[in-house]
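Please read the structure below before turning to the comments.
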Amino acid sequence: MWEPAGHEALGDIVLLHGYMDAAATFDLVASHLTQAGYRCIALDMRGYGEGARIPDGTYYHFPDYVLDVHGILAALGLTGAPILIGHSMGGTIATLFAGAFPERVSALAVLEGVGPPDHPPESVPNRMRQWVFGVNELQGKTTRTFSMEDALSRLALSHPGVDLSVLRTRLLHLVTKNEDGSVSWAFDPLHRTLSPTPFYARTLIAFAQKVTSHVLFVGGGEQGFHPPDEAERLAAFAKLERVDLEGAGHMMHWTQPEALSQALIAWLGRISKT
């Protein structure tokens, strides 16, 4: 949690991270948002960072994340409906939550989080097969360990468009240190398996149509991630604005945190006057 200094918060912002990310990597954005007067609360989704791991024999599903957000907001006892900001997977979770509980969200910002390409129904049997194989393959395996430099190289392979100096600072939030000096990824290895649950764009659209708050979509420019039917998905939000940060790429909160923060703050200022 990041508190604004010296005065009462203008509002509460809840930050939801993306796939293979963690709450702590929002630090560069949260510092700007708190300077603007907002209290920021970043959540580690279950199985990521310091988030709880699930018991053996169970799995991670999107409805679980929505349940977690609902429970955490209740536990925090926030006064009024918070502002939800979600990146990538977190943007999808935020949209599902805002569609199911529109009265619990005062504003929604989606940072390239309208979901992956649509999955046709005929792909589901093979997804189920691959999921079973993937989960079984993990049984009995110990947690993998790496040197920091090896982990950095692996992170660079996953994010080739992000400068190595940026990745080096982000890596500190994405690993846990072991007693022997090695590190391990700070996520449950189950997250690397192919989920058996397909993504249907029409389902996301149905949730988006239920969102009553103002919505900001932030794109990372040509280097960002944009599903072919992105425009159709975004059109489902009734009160939508769009901002594009050219050159930011998908990991915009890592590469252009100040520009992203300025876009968010300007948008929050505009909608506060409506």
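Identifiers for the structure tokens are assigned positionally: chains receive A, B, ... in sequence, residues are indexed from 1 per chain, and ligands are indexed from 1 in the order shown.
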Quiz item: Which residues come within 7 Å of Leu111 in chain A, counting only C-alpha atoms, excluding same-chain residues fewer than 2 positions away, as a list of chain:residue names?
Solution: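 Near neighbours after the sequence-gap exclusion: A:Gly86, A:His87, A:Ser88, A:Gly91, A:Ala109, A:Gly113, A:Phe217, A:Val218, A:Gly219.
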Deliver the residues from the most recent selection as a file, using C-alpha atoms, as a PDB file, in the first residue's frame.
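Wrote it out as part_38.pdb, contents follow:
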```pdb
ATOM      1  CA  GLY A  86      -5.725  -3.605 -14.133  1.00  0.00           C
ATOM      2  CA  HIS A  87      -2.874  -4.501 -16.456  1.00  0.00           C
ATOM      3  CA  SER A  88      -3.191  -7.365 -18.962  1.00  0.00           C
ATOM      4  CA  GLY A  91      -7.457  -5.752 -16.669  1.00  0.00           C
ATOM      5  CA  ALA A 109      -8.743   1.678 -16.138  1.00  0.00           C
ATOM      6  CA  GLY A 113      -6.301  -6.017 -20.567  1.00  0.00           C
ATOM      7  CA  PHE A 217      -8.228   1.931 -22.007  1.00  0.00           C
ATOM      8  CA  VAL A 218      -4.484   2.518 -22.283  1.00  0.00           C
ATOM      9  CA  GLY A 219      -2.667   0.961 -25.214  1.00  0.00           C
TER      10      GLY A 219
END
```
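The shell of residues at most 7 Å from range 9-16 of chain A, with only C-alpha atoms counted and near chain neighbours (fewer than 3 positions) removed, consists of Pro4, Ala23, Gly37, Tyr38, Arg39, Cys40, Ile41, Ala42, Leu43, Pro82, Ile83, Leu84, Ile85, Gly86, His87 and Gly90 of chain A.
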Suppose we keep C-alpha atoms; can you now write the selection as a PDB file, in the first residue's frame?
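What follows is the written file again_38.pdb:
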```pdb
ATOM      1  CA  PRO A   4      -0.399  10.034  -0.134  1.00  0.00           C
ATOM      2  CA  ALA A  23       1.841  -6.310  -7.239  1.00  0.00           C
ATOM      3  CA  GLY A  37      -3.213  12.475  -3.809  1.00  0.00           C
ATOM      4  CA  TYR A  38      -4.458   8.915  -4.268  1.00  0.00           C
ATOM      5  CA  ARG A  39      -3.996   5.939  -1.942  1.00  0.00           C
ATOM      6  CA  CYS A  40      -2.750   2.927  -3.927  1.00  0.00           C
ATOM      7  CA  ILE A  41      -3.301  -0.699  -2.974  1.00  0.00           C
ATOM      8  CA  ALA A  42      -1.697  -3.337  -5.201  1.00  0.00           C
ATOM      9  CA  LEU A  43      -2.913  -6.912  -4.839  1.00  0.00           C
ATOM     10  CA  PRO A  82     -12.488   2.246  -5.291  1.00  0.00           C
ATOM     11  CA  ILE A  83     -10.905   2.949  -8.655  1.00  0.00           C
ATOM     12  CA  LEU A  84      -9.762  -0.293 -10.308  1.00  0.00           C
ATOM     13  CA  ILE A  85      -6.674  -0.300 -12.535  1.00  0.00           C
ATOM     14  CA  GLY A  86      -5.725  -3.605 -14.133  1.00  0.00           C
ATOM     15  CA  HIS A  87      -2.874  -4.501 -16.456  1.00  0.00           C
ATOM     16  CA  GLY A  90      -5.443  -7.868 -14.238  1.00  0.00           C
TER      17      GLY A  90
END
```
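Here CA of Leu167 in chain A is placed at a distance of 7.2 Å from CA of Leu155 in chain A.
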Show me, as JSON lines, the residues of range 82-170 of chain A having an atom within 8 Å of range 248-263 of chain A, each with the closest atom pair and its distance in Å, using only C-alpha atoms.
```
{"residue": "A:Ser88", "atom": "CA", "partner": "A:His250", "partner_atom": "CA", "distance": 8.0}
{"residue": "A:Glu112", "atom": "CA", "partner": "A:His250", "partner_atom": "CA", "distance": 6.8}
{"residue": "A:Gly161", "atom": "CA", "partner": "A:Gly249", "partner_atom": "CA", "distance": 7.2}
{"residue": "A:Val162", "atom": "CA", "partner": "A:Thr255", "partner_atom": "CA", "distance": 6.7}
{"residue": "A:Asp163", "atom": "CA", "partner": "A:Thr255", "partner_atom": "CA", "distance": 7.9}
{"residue": "A:Val166", "atom": "CA", "partner": "A:Trp254", "partner_atom": "CA", "distance": 6.9}
{"residue": "A:Arg170", "atom": "CA", "partner": "A:Trp254", "partner_atom": "CA", "distance": 7.5}
```
Exercise. Find the spatial neighbours of Ala98 in chain A, counting only C-alpha atoms, within a cut-off of 8 Å - ignore same-chain residues fewer than 4 positions away - and output them as a PyMOL selection string.
Key: chain A and resi 94+102-105+108+207-208+210-211
Output of the above residues as a tab-separated table (two decimals), in the first residue's frame, restricted to N, CA and C atoms:
```tsv
chain	number	residue	atom	x	y	z
A	94	ALA	N	-10.34	-7.14	-13.60
A	94	ALA	CA	-11.02	-5.92	-13.20
A	94	ALA	C	-12.33	-5.74	-13.97
A	102	PRO	N	-20.97	-3.71	-10.49
A	102	PRO	CA	-20.74	-2.34	-10.96
A	102	PRO	C	-20.85	-1.29	-9.86
A	103	GLU	N	-21.63	-1.58	-8.83
A	103	GLU	CA	-21.80	-0.62	-7.74
A	103	GLU	C	-20.55	-0.54	-6.86
A	104	ARG	N	-19.61	-1.47	-7.00
A	104	ARG	CA	-18.42	-1.51	-6.17
A	104	ARG	C	-17.21	-0.85	-6.84
A	105	VAL	N	-17.41	-0.26	-8.03
A	105	VAL	CA	-16.30	0.33	-8.78
A	105	VAL	C	-16.67	1.75	-9.19
A	108	LEU	N	-12.80	2.57	-13.85
A	108	LEU	CA	-12.06	1.39	-14.29
A	108	LEU	C	-11.05	1.78	-15.36
A	207	PHE	N	-19.70	-8.96	-19.84
A	207	PHE	CA	-19.34	-8.30	-18.58
A	207	PHE	C	-19.10	-6.81	-18.80
A	208	ALA	N	-18.39	-6.46	-19.89
A	208	ALA	CA	-18.11	-5.05	-20.17
A	208	ALA	C	-19.39	-4.24	-20.34
A	210	LYS	N	-22.00	-4.52	-18.73
A	210	LYS	CA	-22.60	-4.29	-17.42
A	210	LYS	C	-21.86	-3.24	-16.60
A	211	VAL	N	-20.70	-2.80	-17.09
A	211	VAL	CA	-19.91	-1.81	-16.36
A	211	VAL	C	-20.57	-0.45	-16.49
```
Quiz prompt | Selection: 6 Å around range 171-185 of chain A, only C-alpha atoms, excl. self and same-chain fewer than 4 positions, as number ranges by chain | solution = A: 24, 145-147, 167
May I have the selected residues written with C-alpha atoms, as a PDB file, in the first residue's frame?
```pdb
ATOM      1  CA  ALA A  24       5.178  -4.740  -6.318  1.00  0.00           C
ATOM      2  CA  THR A 145      16.484 -22.235  -8.768  1.00  0.00           C
ATOM      3  CA  PHE A 146      18.615 -19.785 -10.757  1.00  0.00           C
ATOM      4  CA  SER A 147      21.328 -17.222 -10.315  1.00  0.00           C
ATOM      5  CA  LEU A 167      14.206  -5.485 -16.250  1.00  0.00           C
TER       6      LEU A 167
END
```
Quiz item: Closest to Arg168 in chain A among A:Gln139, A:Asp188, A:Thr25, A:Arg233, using only C-alpha atoms?
Solution: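 Selected residue with least distance to Arg168 in chain A: A:Thr25.
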